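Down below is the structure, laid out as C-alpha cells.
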Amino acid sequence: MKTRGNMIIKNASELVTCSGSKAKFGKEMRELGIIKDGAVVVEDGIIKAVGTTEEILKKYKEDNYEVIDAKGKAVLPGFVDSHTHFVFGGYRQEEFSWRLNGESYMEIMNKGGGIVNSVRATREASKEELISSAEDRLNSMLSFGVTTVEGKSGYGLDLETELKQLEVMHYLQKTHVMDIITTFMGAHATPGEYKDKKEEFVNVICEEMLPEVAKGNLAEFCDVFCEKGVFSVEESRRILLKARELGMKLKIHADEIVQLGGAELAAELGTISADHLLHASDNGLKEMANKGVVSTLLPTTAFCLKEPFARARYMIDNGSAVALATDFNPGSGFTNSIPLMIALATIYMGMNAEEAVTAITINGAAALDKADSVGSIDVGKKGDIVMLKYPSYKFLPYHTGVNIVEKVIKNGILVHQN
Ligand SMILES: [Zn+2]
C-alpha cells in the first residue's frame, strides 16, 4: 500500500491541468486546460478539487492539509514515461564507442553485440542486484518529474530470467513511490541458444513463457520487437494474439529501422500503443489514428542511434495521438532525460510546447491505458503533480536540456525536491 497524503497546492501562476480522461488526437493536443492562479486539493492521495486559488481557499481550510505555495511557479500533472527497459544487468559502454566510430546498430548486433550482451548480464545478475540498480534508476526518473513508468522484460529471453525481471518490477511497485506498469517482452531478440531456430523460440514464447507470465499475473502488457531480422509481422501477430487470449493488453515496437508494416499490424490488432514509428507509412499511421492507437515516439533513441526522427508534426497534423517516452535502456539510448527528450521533440520533430506537454502527461497515460487515473489534474485522479521552478510550462522547451522540475508530488505526498 502506497502512502497517501492530504495537500493543497495554491497560487500556481499556471495550473496546467491537461484535463481529460482519454488520449488527445491531432489539434486536441494543444489544449492544456490552464487555470491562472490555480489551486489543487488532494485528499487521501486523490485529487478532490481543482480551481482558482480564491475558489479553493473559500471551500477548504488550509489547516487540514500540507500546503505548498506555488507562487510564480507552473504546476503540471506528474509525467508518464510510457516506454522504458529500466531493469537490466550490465552496461554497454564499449558498443557505444563502436557506434561513435560509425558502426550501425544492426552491424553491432550482427557482431554479437546489442541486446544479447544485456541478456548475458541480466541472466547472471541476482534479483537483489537488479532491484538495487533499478531502484537507483527510478529515483533518477522521479527527479525529472516522472511519477508513472512502464518497464519491460526482454533481457532474459528465457523463462526464468523474464520472470525475474517482472518480479523485480512487482517488488519495486510495492516498495517504491512510483507507479510501475509491467510489460512482458520475451520477443525482444532471439537468444543465442535459438540461433537459426526462431520458430522454435516463438513457440517457447507462446506455449511456455506467456502462460507462465499470465498465471502469475506478472504483466499487464505484452510487447514485441517487430522489425526486419528480429520478429516478422506474422511472428509478432502470433505472439500478440496469444497474449491477448491470455488477458494481456498489447504494445508493439513498430517500423523503427525499416518500414515493415508494424503500424498496420498495430491498427489491425487495435494495440494500446505502437512505439518508435520512425519509418511508419502514411497509411499505417492513418489506420492507427482511426483505431485510436497511441503513437509513442522516442526521440532520444533516434538521437543516440543517429536515425531520422519520427514524423511527429506530420502525425499530429493528420490526427494522431502522440505520446513521448524515453525508451530508457542500456543499448540504443541509455538516457532517461526528460529535458533532452523535450528538446529533441520540439526543436527537431516540430512539436510545440503544448503538444510536448500533452505527450508526456495525458497521452503518456493513454499509452498505458491509464488515462482515467493519471496524466491530468482532474478530480478523482491520483494526486501526482509536478511543480516547475518557473512560472510557465513554456520554460520546458525554452530552458533547453535543463531539468527545471522543483517539486514532485505522488499521491498527495511531496516525494522529491531538486
Ligand atoms: Zn523499447
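Chain identifiers are assigned as A, B, and so on, following the order in which chains appear in the C-alpha cells; residues are numbered from 1 within each chain, and ligands are numbered from 1 in order of appearance.
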
Q) Hey, what's within 7 Å of stretch 108-125 of chain A if we count only C-alpha atoms and toss same-chain stuff fewer than 2 positions away? As a PyMOL selection string, please? A) chain A and resi 88-90+103-106+127+129-130+155-156+161+189+191+331

Q | Contacts of A:Gly72 at 12 Å (only C-alpha atoms; same-chain gap of 6+ positions) as a PyMOL selection string | A | chain A and resi 10-15+36-38+387-393

Contacts between ligand 1 and chain A, please, where a residue of chain A counts if it comes within 10 Å (with only C-alpha atoms and all ligand atoms); show its shortest atom pair and distance in Å to one decimal, rows by chain and ascending number, as a Markdown table.
```
| residue | atom | partner | partner_atom_place_in_ligand_line | distance |
| --- | --- | --- | --- | --- |
| A:His83 | CA | ligand 1 | 1 (Zn) | 6.3 |
| A:Thr84 | CA | ligand 1 | 1 (Zn) | 6.1 |
| A:His85 | CA | ligand 1 | 1 (Zn) | 6.5 |
| A:Gly151 | CA | ligand 1 | 1 (Zn) | 9.4 |
| A:Lys152 | CA | ligand 1 | 1 (Zn) | 8.0 |
| A:Gly154 | CA | ligand 1 | 1 (Zn) | 9.6 |
| A:Met185 | CA | ligand 1 | 1 (Zn) | 9.4 |
| A:His188 | CA | ligand 1 | 1 (Zn) | 8.6 |
| A:Asp223 | CA | ligand 1 | 1 (Zn) | 9.0 |
| A:Val224 | CA | ligand 1 | 1 (Zn) | 9.2 |
| A:Phe225 | CA | ligand 1 | 1 (Zn) | 7.9 |
| A:Ile252 | CA | ligand 1 | 1 (Zn) | 9.0 |
| A:His253 | CA | ligand 1 | 1 (Zn) | 6.6 |
| A:Ala254 | CA | ligand 1 | 1 (Zn) | 9.8 |
| A:Glu256 | CA | ligand 1 | 1 (Zn) | 9.8 |
| A:Asp275 | CA | ligand 1 | 1 (Zn) | 7.7 |
| A:His276 | CA | ligand 1 | 1 (Zn) | 7.9 |
| A:Leu298 | CA | ligand 1 | 1 (Zn) | 8.5 |
| A:Thr301 | CA | ligand 1 | 1 (Zn) | 8.7 |
| A:Ala325 | CA | ligand 1 | 1 (Zn) | 9.5 |
| A:Thr326 | CA | ligand 1 | 1 (Zn) | 8.8 |
| A:Asp327 | CA | ligand 1 | 1 (Zn) | 5.1 |
| A:Phe328 | CA | ligand 1 | 1 (Zn) | 7.6 |
| A:Asn329 | CA | ligand 1 | 1 (Zn) | 7.3 |
| A:Gly331 | CA | ligand 1 | 1 (Zn) | 9.9 |
| A:Ser332 | CA | ligand 1 | 1 (Zn) | 8.6 |
| A:Gly333 | CA | ligand 1 | 1 (Zn) | 9.2 |
```

(Q) With distances taken over only C-alpha atoms, which residue among A:Pro397, A:Val294, A:Gly45, A:Val213 lies nearest A:Ile362? (A)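 For A:Ile362, the nearest of the given residues is A:Val294.
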
Q: Step one, run DSSP on the backbone; step two, keep only residues of stretch 113-157 of chain A assigned to strand (DSSP E); then write them as number ranges by chain.
A: A: 146-152

Q: Pull the alpha helix (DSSP H) assignments for stretch 139-248 of chain A out of DSSP run on the backbone, and list those residues as a ChimeraX atom specification.
A: /A:139-143,159-175,198-204,210-215,233-245

Q: Just give me the gap between atom CA of A:Ser232 and atom CA of A:Leu260 in Å, one decimal is fine.
A: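 Computed distance, atom CA of A:Ser232 to atom CA of A:Leu260, equals 8.0 Å.
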
**Q.** Among the residues A:Lys306, A:Arg237, A:Arg311, A:Lys410, the one that comes closest to A:Gly261 [using only C-alpha atoms]
**A.**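 Closest candidate: A:Arg237.
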
Q: Using only C-alpha atoms, determine which residues lie at most 7 Å from A:Ala23, disregarding the query and same-chain residues fewer than 3 positions distant; provide the list as a list in words.
A: Ala321, Ile362, Asn363 and Ala366 of chain A

Q) Which polymer residues have any atom within 9 Å of an atom of A:Glu150, counting only C-alpha atoms, with same-chain residues fewer than 4 positions away left out, as a PyMOL selection string? A) chain A and resi 80-86+179-183+368
